[in-house]
$ cat coords_8.pdb   # PDB, C-alpha atoms, pLDDT in the B column
ATOM      1  CA  MET A  23     -25.677  87.249 -32.724  1.00 95.00           C
ATOM      2  CA  PHE A  24     -27.626  83.987 -32.609  1.00 97.00           C
ATOM      3  CA  ALA A  25     -27.043  80.503 -34.014  1.00 98.00           C
ATOM      4  CA  TYR A  26     -29.333  78.847 -36.536  1.00 98.00           C
ATOM      5  CA  ILE A  27     -29.179  75.096 -37.224  1.00 98.00           C
ATOM      6  CA  PRO A  28     -31.327  73.647 -40.012  1.00 97.00           C
ATOM      7  CA  ALA A  29     -32.307  70.066 -39.185  1.00 96.00           C
ATOM      8  CA  ARG A  30     -34.991  68.609 -41.404  1.00 94.00           C
ATOM      9  CA  SER A  31     -36.051  64.980 -41.050  1.00 91.00           C
ATOM     10  CA  GLY A  32     -36.113  63.843 -44.667  1.00 79.00           C
ATOM     11  CA  SER A  33     -32.524  62.925 -45.465  1.00 80.00           C
ATOM     12  CA  LYS A  34     -32.589  60.265 -48.196  1.00 77.00           C
ATOM     13  CA  ARG A  35     -28.969  59.113 -48.450  1.00 82.00           C
ATOM     14  CA  ILE A  36     -28.461  58.820 -44.666  1.00 90.00           C
ATOM     15  CA  LEU A  37     -31.662  58.060 -42.762  1.00 88.00           C
ATOM     16  CA  ASN A  38     -32.341  60.630 -40.008  1.00 91.00           C
ATOM     17  CA  LYS A  39     -28.870  62.049 -40.587  1.00 94.00           C
ATOM     18  CA  ASN A  40     -29.252  65.046 -38.285  1.00 96.00           C
ATOM     19  CA  ILE A  41     -30.008  62.895 -35.229  1.00 96.00           C
ATOM     20  CA  LYS A  42     -28.132  59.748 -36.220  1.00 95.00           C
ATOM     21  CA  LEU A  43     -26.137  58.416 -33.269  1.00 96.00           C
ATOM     22  CA  PHE A  44     -22.529  59.573 -33.342  1.00 95.00           C
ATOM     23  CA  ASN A  45     -20.338  58.072 -30.633  1.00 92.00           C
ATOM     24  CA  GLY A  46     -23.468  57.214 -28.690  1.00 93.00           C
ATOM     25  CA  LYS A  47     -25.627  60.336 -29.026  1.00 96.00           C
ATOM     26  CA  PRO A  48     -27.454  62.295 -31.747  1.00 97.00           C
ATOM     27  CA  ILE A  49     -24.885  64.167 -33.811  1.00 97.00           C
ATOM     28  CA  ILE A  50     -26.733  67.480 -33.567  1.00 97.00           C
ATOM     29  CA  LEU A  51     -26.192  67.482 -29.800  1.00 98.00           C
ATOM     30  CA  TYR A  52     -22.446  67.923 -30.304  1.00 97.00           C
ATOM     31  CA  VAL A  53     -23.163  71.055 -32.325  1.00 98.00           C
ATOM     32  CA  ILE A  54     -25.540  72.475 -29.719  1.00 98.00           C
ATOM     33  CA  GLU A  55     -23.081  71.753 -26.904  1.00 97.00           C
ATOM     34  CA  ASN A  56     -20.227  73.489 -28.722  1.00 97.00           C
ATOM     35  CA  LEU A  57     -22.378  76.512 -29.527  1.00 98.00           C
ATOM     36  CA  LYS A  58     -23.418  76.850 -25.874  1.00 97.00           C
ATOM     37  CA  LYS A  59     -19.753  77.489 -25.028  1.00 97.00           C
ATOM     38  CA  LEU A  60     -19.567  80.652 -27.208  1.00 98.00           C
ATOM     39  CA  HIS A  61     -19.812  84.000 -25.427  1.00 97.00           C
ATOM     40  CA  PHE A  62     -20.998  85.828 -28.558  1.00 97.00           C
ATOM     41  CA  ILE A  63     -24.026  83.562 -29.146  1.00 97.00           C
ATOM     42  CA  LYS A  64     -27.152  84.720 -27.341  1.00 96.00           C
ATOM     43  CA  SER A  65     -29.513  81.952 -28.448  1.00 97.00           C
ATOM     44  CA  ILE A  66     -29.404  78.676 -30.358  1.00 98.00           C
ATOM     45  CA  TYR A  67     -32.300  77.950 -32.718  1.00 98.00           C
ATOM     46  CA  VAL A  68     -32.968  74.667 -34.476  1.00 98.00           C
ATOM     47  CA  SER A  69     -35.312  74.772 -37.447  1.00 97.00           C
ATOM     48  CA  THR A  70     -36.959  71.407 -38.011  1.00 96.00           C
ATOM     49  CA  ASP A  71     -40.070  69.797 -39.441  1.00 95.00           C
ATOM     50  CA  SER A  72     -39.819  66.888 -36.976  1.00 95.00           C
ATOM     51  CA  LYS A  73     -41.391  66.624 -33.519  1.00 96.00           C
ATOM     52  CA  LYS A  74     -38.744  64.044 -32.602  1.00 96.00           C
ATOM     53  CA  ILE A  75     -35.858  66.323 -33.548  1.00 97.00           C
ATOM     54  CA  LYS A  76     -37.546  69.226 -31.770  1.00 97.00           C
ATOM     55  CA  LYS A  77     -37.853  67.223 -28.549  1.00 97.00           C
ATOM     56  CA  ILE A  78     -34.186  66.158 -28.652  1.00 97.00           C
ATOM     57  CA  CYS A  79     -32.911  69.674 -29.304  1.00 98.00           C
ATOM     58  CA  GLU A  80     -35.109  71.507 -26.824  1.00 97.00           C
ATOM     59  CA  LYS A  81     -34.071  69.065 -24.114  1.00 97.00           C
ATOM     60  CA  ALA A  82     -30.470  70.093 -24.898  1.00 97.00           C
ATOM     61  CA  GLY A  83     -31.274  73.795 -24.477  1.00 96.00           C
ATOM     62  CA  ALA A  84     -31.976  74.880 -28.046  1.00 97.00           C
ATOM     63  CA  ILE A  85     -35.116  76.725 -29.158  1.00 97.00           C
ATOM     64  CA  CYS A  86     -37.188  75.361 -32.039  1.00 96.00           C
ATOM     65  CA  GLY A  87     -40.475  77.238 -32.081  1.00 94.00           C
ATOM     66  CA  ASP A  88     -43.081  76.073 -34.560  1.00 95.00           C
ATOM     67  CA  LEU A  89     -42.171  73.244 -36.888  1.00 96.00           C
ATOM     68  CA  ARG A  90     -40.726  74.326 -40.214  1.00 94.00           C
ATOM     69  CA  LYS A  91     -43.113  74.401 -43.162  1.00 91.00           C
ATOM     70  CA  LYS A  92     -43.034  71.201 -45.212  1.00 90.00           C
ATOM     71  CA  SER A  93     -42.454  73.298 -48.338  1.00 90.00           C
ATOM     72  CA  LEU A  94     -39.102  74.330 -46.821  1.00 91.00           C
ATOM     73  CA  ALA A  95     -38.160  70.855 -45.621  1.00 88.00           C
ATOM     74  CA  ASP A  96     -37.656  68.949 -48.861  1.00 86.00           C
ATOM     75  CA  ASP A  97     -34.415  68.268 -50.715  1.00 81.00           C
ATOM     76  CA  LYS A  98     -35.131  71.107 -53.148  1.00 82.00           C
ATOM     77  CA  SER A  99     -34.978  73.829 -50.485  1.00 85.00           C
ATOM     78  CA  GLY A 100     -31.520  75.355 -50.479  1.00 90.00           C
ATOM     79  CA  PHE A 101     -29.491  77.698 -48.323  1.00 91.00           C
ATOM     80  CA  MET A 102     -31.094  80.908 -49.583  1.00 93.00           C
ATOM     81  CA  ASP A 103     -34.610  79.479 -49.317  1.00 93.00           C
ATOM     82  CA  LEU A 104     -34.023  79.025 -45.604  1.00 95.00           C
ATOM     83  CA  VAL A 105     -32.374  82.433 -45.241  1.00 95.00           C
ATOM     84  CA  LYS A 106     -35.227  84.279 -46.938  1.00 95.00           C
ATOM     85  CA  LYS A 107     -38.263  82.248 -45.869  1.00 95.00           C
ATOM     86  CA  ASP A 108     -37.409  80.595 -42.554  1.00 96.00           C
ATOM     87  CA  LEU A 109     -34.731  82.625 -40.812  1.00 96.00           C
ATOM     88  CA  PRO A 110     -36.878  85.804 -40.419  1.00 95.00           C
ATOM     89  CA  ARG A 111     -39.092  84.160 -37.780  1.00 95.00           C
ATOM     90  CA  TYR A 112     -36.070  83.632 -35.547  1.00 96.00           C
ATOM     91  CA  ILE A 113     -34.837  87.160 -36.190  1.00 96.00           C
ATOM     92  CA  LYS A 114     -38.137  88.369 -34.752  1.00 94.00           C
ATOM     93  CA  LEU A 115     -37.645  86.221 -31.672  1.00 94.00           C
ATOM     94  CA  GLU A 116     -34.190  87.801 -31.272  1.00 92.00           C
ATOM     95  CA  ASN A 117     -35.612  91.333 -31.201  1.00 91.00           C
ATOM     96  CA  ASN A 118     -34.531  91.996 -34.797  1.00 87.00           C
ATOM     97  CA  ASP A 119     -30.901  90.908 -34.314  1.00 88.00           C
ATOM     98  CA  LYS A 120     -29.723  90.123 -37.856  1.00 93.00           C
ATOM     99  CA  ASP A 121     -26.234  88.717 -37.219  1.00 95.00           C
ATOM    100  CA  VAL A 122     -26.347  84.964 -37.702  1.00 97.00           C
ATOM    101  CA  LEU A 123     -24.086  81.962 -37.279  1.00 98.00           C
ATOM    102  CA  PHE A 124     -25.585  79.363 -39.621  1.00 98.00           C
ATOM    103  CA  VAL A 125     -24.310  75.901 -38.635  1.00 98.00           C
ATOM    104  CA  LEU A 126     -24.977  72.514 -40.206  1.00 97.00           C
ATOM    105  CA  ALA A 127     -26.349  69.873 -37.842  1.00 97.00           C
ATOM    106  CA  THR A 128     -23.481  67.508 -38.695  1.00 96.00           C
ATOM    107  CA  ALA A 129     -20.701  70.010 -37.895  1.00 96.00           C
ATOM    108  CA  ALA A 130     -19.957  68.073 -34.708  1.00 96.00           C
ATOM    109  CA  LEU A 131     -16.180  68.521 -34.766  1.00 96.00           C
ATOM    110  CA  VAL A 132     -16.084  72.313 -35.042  1.00 96.00           C
ATOM    111  CA  ASN A 133     -14.901  73.314 -31.584  1.00 95.00           C
ATOM    112  CA  LYS A 134     -15.025  76.467 -29.491  1.00 96.00           C
ATOM    113  CA  LYS A 135     -11.575  77.596 -30.640  1.00 95.00           C
ATOM    114  CA  ASN A 136     -12.474  77.473 -34.324  1.00 96.00           C
ATOM    115  CA  PHE A 137     -15.778  79.256 -33.806  1.00 97.00           C
ATOM    116  CA  ASN A 138     -14.064  82.004 -31.796  1.00 97.00           C
ATOM    117  CA  LEU A 139     -11.338  82.492 -34.415  1.00 97.00           C
ATOM    118  CA  ALA A 140     -13.946  82.636 -37.170  1.00 97.00           C
ATOM    119  CA  TYR A 141     -16.012  85.173 -35.238  1.00 97.00           C
ATOM    120  CA  LYS A 142     -12.982  87.437 -34.822  1.00 96.00           C
ATOM    121  CA  GLN A 143     -12.334  87.300 -38.561  1.00 95.00           C
ATOM    122  CA  TYR A 144     -15.979  88.007 -39.327  1.00 95.00           C
ATOM    123  CA  LYS A 145     -15.912  91.134 -37.169  1.00 93.00           C
ATOM    124  CA  LYS A 146     -12.512  92.246 -38.441  1.00 93.00           C
ATOM    125  CA  PHE A 147     -13.241  92.034 -42.171  1.00 90.00           C
ATOM    126  CA  ASN A 148     -16.887  93.155 -42.025  1.00 85.00           C
ATOM    127  CA  SER A 149     -17.616  90.744 -44.866  1.00 88.00           C
ATOM    128  CA  GLU A 150     -21.034  89.860 -46.220  1.00 93.00           C
ATOM    129  CA  ILE A 151     -20.336  86.198 -45.490  1.00 95.00           C
ATOM    130  CA  LEU A 152     -17.537  84.412 -43.672  1.00 96.00           C
ATOM    131  CA  MET A 153     -17.570  80.860 -45.051  1.00 96.00           C
ATOM    132  CA  SER A 154     -15.781  77.797 -43.713  1.00 96.00           C
ATOM    133  CA  CYS A 155     -13.656  76.593 -46.625  1.00 95.00           C
ATOM    134  CA  ARG A 156     -11.215  73.868 -47.542  1.00 92.00           C
ATOM    135  CA  GLU A 157      -8.529  73.833 -50.207  1.00 88.00           C
ATOM    136  CA  PHE A 158      -8.772  71.269 -53.011  1.00 87.00           C
ATOM    137  CA  ASP A 159      -6.219  68.499 -52.515  1.00 80.00           C
ATOM    138  CA  GLN A 160      -5.597  68.333 -56.254  1.00 80.00           C
ATOM    139  CA  THR A 161      -6.008  71.282 -58.549  1.00 84.00           C
ATOM    140  CA  PRO A 162      -9.350  71.303 -60.433  1.00 87.00           C
ATOM    141  CA  TYR A 163      -7.529  72.989 -63.324  1.00 88.00           C
ATOM    142  CA  TRP A 164      -6.422  69.532 -64.452  1.00 88.00           C
ATOM    143  CA  ALA A 165      -9.985  68.185 -64.544  1.00 90.00           C
ATOM    144  CA  LEU A 166     -11.274  66.359 -67.628  1.00 91.00           C
ATOM    145  CA  LYS A 167     -14.783  66.138 -69.051  1.00 93.00           C
ATOM    146  CA  ILE A 168     -16.391  63.890 -71.640  1.00 95.00           C
ATOM    147  CA  ASN A 169     -17.329  65.686 -74.841  1.00 92.00           C
ATOM    148  CA  LYS A 170     -20.153  64.825 -77.254  1.00 91.00           C
ATOM    149  CA  SER A 171     -17.948  62.250 -78.977  1.00 93.00           C
ATOM    150  CA  GLY A 172     -17.339  60.423 -75.716  1.00 94.00           C
ATOM    151  CA  ASN A 173     -13.729  61.527 -75.442  1.00 95.00           C
ATOM    152  CA  LEU A 174     -12.031  63.112 -72.450  1.00 94.00           C
ATOM    153  CA  ARG A 175     -11.090  66.743 -72.939  1.00 92.00           C
ATOM    154  CA  PRO A 176      -9.583  69.327 -70.528  1.00 92.00           C
ATOM    155  CA  LEU A 177     -12.147  71.354 -68.623  1.00 91.00           C
ATOM    156  CA  PHE A 178      -9.625  74.228 -68.453  1.00 91.00           C
ATOM    157  CA  PRO A 179      -7.600  74.035 -71.705  1.00 89.00           C
ATOM    158  CA  LYS A 180      -5.293  76.946 -70.879  1.00 88.00           C
ATOM    159  CA  GLU A 181      -4.355  75.864 -67.385  1.00 87.00           C
ATOM    160  CA  CYS A 182      -4.251  72.061 -67.716  1.00 85.00           C
ATOM    161  CA  PHE A 183      -0.655  72.033 -68.996  1.00 85.00           C
ATOM    162  CA  VAL A 184       0.686  74.353 -66.292  1.00 87.00           C
ATOM    163  CA  ASN A 185       2.640  72.841 -63.388  1.00 86.00           C
ATOM    164  CA  SER A 186       0.674  72.890 -60.141  1.00 82.00           C
ATOM    165  CA  GLN A 187       3.137  75.173 -58.343  1.00 82.00           C
ATOM    166  CA  TYR A 188       2.258  77.929 -60.809  1.00 85.00           C
ATOM    167  CA  LEU A 189      -1.499  77.593 -60.403  1.00 86.00           C
ATOM    168  CA  GLU A 190      -3.395  79.527 -57.780  1.00 86.00           C
ATOM    169  CA  SER A 191      -5.021  77.635 -54.921  1.00 85.00           C
ATOM    170  CA  ILE A 192      -8.724  76.944 -55.223  1.00 88.00           C
ATOM    171  CA  TYR A 193     -11.139  76.497 -52.323  1.00 90.00           C
ATOM    172  CA  TYR A 194     -14.585  75.049 -51.819  1.00 91.00           C
ATOM    173  CA  ASP A 195     -17.387  75.372 -49.292  1.00 93.00           C
ATOM    174  CA  SER A 196     -16.672  72.881 -46.491  1.00 94.00           C
ATOM    175  CA  GLY A 197     -20.360  72.609 -45.555  1.00 93.00           C
ATOM    176  CA  LEU A 198     -19.828  73.379 -41.860  1.00 97.00           C
ATOM    177  CA  PHE A 199     -20.776  76.968 -40.958  1.00 97.00           C
ATOM    178  CA  TYR A 200     -21.316  80.540 -42.190  1.00 97.00           C
ATOM    179  CA  PHE A 201     -21.305  83.907 -40.432  1.00 97.00           C
ATOM    180  CA  PHE A 202     -23.407  86.636 -42.051  1.00 96.00           C
ATOM    181  CA  ASN A 203     -25.730  89.574 -41.563  1.00 94.00           C
ATOM    182  CA  PHE A 204     -29.237  88.910 -42.841  1.00 95.00           C
ATOM    183  CA  ASN A 205     -29.642  92.363 -44.384  1.00 93.00           C
ATOM    184  CA  LYS A 206     -26.449  91.934 -46.400  1.00 93.00           C
ATOM    185  CA  VAL A 207     -27.247  88.538 -47.909  1.00 93.00           C
ATOM    186  CA  LYS A 208     -31.040  88.503 -48.374  1.00 93.00           C
ATOM    187  CA  LYS A 209     -30.716  90.264 -51.756  1.00 93.00           C
ATOM    188  CA  TYR A 210     -28.833  87.337 -53.309  1.00 93.00           C
ATOM    189  CA  ASN A 211     -30.362  84.296 -55.010  1.00 90.00           C
ATOM    190  CA  ASP A 212     -27.328  82.172 -54.100  1.00 89.00           C
ATOM    191  CA  LEU A 213     -24.833  82.724 -51.325  1.00 86.00           C
ATOM    192  CA  LYS A 214     -21.932  82.321 -53.773  1.00 84.00           C
ATOM    193  CA  ASN A 215     -23.169  85.429 -55.622  1.00 88.00           C
ATOM    194  CA  ALA A 216     -22.214  87.590 -52.655  1.00 90.00           C
ATOM    195  CA  LYS A 217     -19.529  90.094 -53.596  1.00 90.00           C
ATOM    196  CA  ARG A 218     -17.594  89.897 -50.330  1.00 91.00           C
ATOM    197  CA  ILE A 219     -17.170  86.321 -49.133  1.00 94.00           C
ATOM    198  CA  LYS A 220     -14.240  85.878 -46.792  1.00 94.00           C
ATOM    199  CA  PRO A 221     -12.804  82.387 -46.237  1.00 94.00           C
ATOM    200  CA  PHE A 222     -12.191  80.702 -42.930  1.00 96.00           C
ATOM    201  CA  TYR A 223      -9.874  77.804 -43.660  1.00 95.00           C
ATOM    202  CA  VAL A 224     -10.570  74.457 -41.983  1.00 94.00           C
ATOM    203  CA  ASN A 225      -9.087  70.989 -42.288  1.00 89.00           C
ATOM    204  CA  ASP A 226     -10.449  67.498 -41.721  1.00 85.00           C
ATOM    205  CA  ASP A 227     -10.012  67.884 -37.946  1.00 89.00           C
ATOM    206  CA  SER A 228     -12.942  70.306 -38.023  1.00 93.00           C
ATOM    207  CA  GLY A 229     -15.168  67.853 -39.855  1.00 91.00           C
ATOM    208  CA  ILE A 230     -16.426  67.308 -43.379  1.00 89.00           C
ATOM    209  CA  ASP A 231     -19.602  67.807 -45.358  1.00 91.00           C
ATOM    210  CA  ILE A 232     -21.713  64.684 -44.773  1.00 92.00           C
ATOM    211  CA  ASN A 233     -23.611  63.395 -47.806  1.00 90.00           C
ATOM    212  CA  THR A 234     -23.015  59.640 -47.861  1.00 92.00           C
ATOM    213  CA  LEU A 235     -22.439  56.771 -45.451  1.00 93.00           C
ATOM    214  CA  GLU A 236     -18.802  56.807 -46.571  1.00 94.00           C
ATOM    215  CA  ASP A 237     -18.586  60.434 -45.406  1.00 93.00           C
ATOM    216  CA  TRP A 238     -20.151  59.432 -42.091  1.00 94.00           C
ATOM    217  CA  LYS A 239     -17.598  56.672 -41.574  1.00 95.00           C
ATOM    218  CA  LYS A 240     -14.791  59.110 -42.340  1.00 93.00           C
ATOM    219  CA  LEU A 241     -16.159  61.565 -39.771  1.00 94.00           C
ATOM    220  CA  GLU A 242     -16.261  58.804 -37.165  1.00 94.00           C
ATOM    221  CA  ASP A 243     -12.643  57.909 -37.960  1.00 93.00           C
ATOM    222  CA  ILE A 244     -11.605  61.560 -37.565  1.00 92.00           C
ATOM    223  CA  PHE A 245     -13.421  61.752 -34.225  1.00 92.00           C
ATOM    224  CA  VAL A 246     -11.712  58.619 -32.912  1.00 91.00           C
ATOM    225  CA  LYS A 247      -8.308  59.831 -34.070  1.00 88.00           C
ATOM    226  CA  LYS A 248      -8.767  63.244 -32.412  1.00 84.00           C
ATOM    227  CA  ASN A 249      -9.927  61.777 -29.120  1.00 82.00           C
ATOM    228  CA  ASN A 250      -7.185  59.155 -28.965  1.00 78.00           C
ATOM    229  CA  ALA A 251      -4.345  61.510 -29.882  1.00 61.00           C
TER     230      ALA A 251
END

$ encode --input "coords_8.pdb" --output "structure tokens"
Amino acid sequence: MFAYIPARSGSKRILNKNIKLFNGKPIILYVIENLKKLHFIKSIYVSTDSKKIKKICEKAGAICGDLRKKSLADDKSGFMDLVKKDLPRYIKLENNDKDVLFVLATAALVNKKNFNLAYKQYKKFNSEILMSCREFDQTPYWALKINKSGNLRPLFPKECFVNSQYLESIYYDSGLFYFFNFNKVKKYNDLKNAKRIKPFYVNDDSGIDINTLEDWKKLEDIFVKKNNA
């Protein structure tokens, strides 16, 4: 198994997000350092369209190879675009090894223990994808939407009047990491279409999906709290 970290340069909401300084060093370096501690990871690859990011990551021991195609480095290129069109070049470098740990460059707080536990679950369940997930704090079944008349209406009319203790828990992609086998997922147009997705539950201590500066500040607060506990 090898690790794959996508790290394009063109983040719009947070400038240079993947190498933005986090407690004094580029955030992606925390991810690389944590991955280097894993016995089941043979190589760490960083896919980037930036010479600057490539230099930072290769100095830390990751492998980048050729820069990623610009057509796969815009904000329209999604998870499956990278899996189908970018990941194969690293599979070749790994002598056709198709087991992958796909990690986001901002997953700085996911530690060795969590990765090891997730790996054990991935091997045990033989799932198509093992996805890091988080439970919704408040049930989405009570969500409201605005109809054509401009009025709020229940998104789930049948469930919205049911007490929360009688509603099943609902989870969402935490945006941290995914274990999968390339051959099992390449047939899908979206990773959520996979028939066998197993969850690996995480909490805020493992980090959050970073999309805004408010998210970044929250991640910094979590880091400080963990290191001062």

$ closest_residue --input "coords_8.pdb" --among "A:Ile219, A:Leu152, A:Leu51, A:Leu241" --to "A:Ala84" --atoms "all atoms listed in the file"
A:Leu51

$ resolve_selection --input "coords_8.pdb" --expression "the PyMOL selection byres ((chain A and resi 116) around 12)" --output "ChimeraX atom specification"
/A:23-26,63-67,85,109-115,117-122

$ resolve_selection --input "coords_8.pdb" --expression "the PyMOL selection byres ((chain A and resi 158-165) around 10)" --output "compact mmCIF listing (two decimals) with C-alpha atoms, in the coordinates of the input"
# COMPACT_ATOMS: atom_id res chain seq x y z
CA CYS A 155 -13.66 76.59 -46.62
CA ARG A 156 -11.22 73.87 -47.54
CA GLU A 157 -8.53 73.83 -50.21
CA LEU A 166 -11.27 66.36 -67.63
CA LYS A 167 -14.78 66.14 -69.05
CA LEU A 174 -12.03 63.11 -72.45
CA ARG A 175 -11.09 66.74 -72.94
CA PRO A 176 -9.58 69.33 -70.53
CA LEU A 177 -12.15 71.35 -68.62
CA PHE A 178 -9.62 74.23 -68.45
CA PRO A 179 -7.60 74.04 -71.70
CA LYS A 180 -5.29 76.95 -70.88
CA GLU A 181 -4.36 75.86 -67.39
CA CYS A 182 -4.25 72.06 -67.72
CA PHE A 183 -0.66 72.03 -69.00
CA VAL A 184 0.69 74.35 -66.29
CA ASN A 185 2.64 72.84 -63.39
CA SER A 186 0.67 72.89 -60.14
CA GLN A 187 3.14 75.17 -58.34
CA LEU A 189 -1.50 77.59 -60.40
CA GLU A 190 -3.40 79.53 -57.78
CA SER A 191 -5.02 77.64 -54.92
CA ILE A 192 -8.72 76.94 -55.22
CA TYR A 193 -11.14 76.50 -52.32
CA TYR A 194 -14.58 75.05 -51.82

$ resolve_selection --input "coords_8.pdb" --expression "the PyMOL selection byres ((chain A and resi 220) around 9)" --output "ChimeraX atom specification"
/A:143-144,147,149-154,218-219,221-222

$ atom_distance --input "coords_8.pdb" --atom1 "atom CA of A:Lys42" --atom2 "atom CA of A:Ile27"
15.4 Å

$ atom_distance --input "coords_8.pdb" --atom1 "atom CA of A:Thr234" --atom2 "atom CA of A:Asp195"
16.8 Å

$ residues_around --input "coords_8.pdb" --residues "A:Ile41" --least-positions-apart "2" --cutoff "10 Å" --atoms "only C-alpha atoms" --output "list in words"
Ala29, Arg30, Ser31, Leu37, Asn38, Lys39, Leu43, Phe44, Lys47, Pro48, Ile49, Ile50, Leu51, Lys74, Ile75, Ile78, Cys79, Ala127 and Thr128 of chain A

$ residues_around --input "coords_8.pdb" --residues "A:Lys91" --least-positions-apart "4" --cutoff "9 Å" --atoms "only C-alpha atoms" --output "ChimeraX atom specification"
/A:70-71,95,108

$ closest_residue --input "coords_8.pdb" --among "A:Lys248, A:Ala216, A:Leu89, A:Lys206" --to "A:Lys77" --atoms "only C-alpha atoms"
A:Leu89
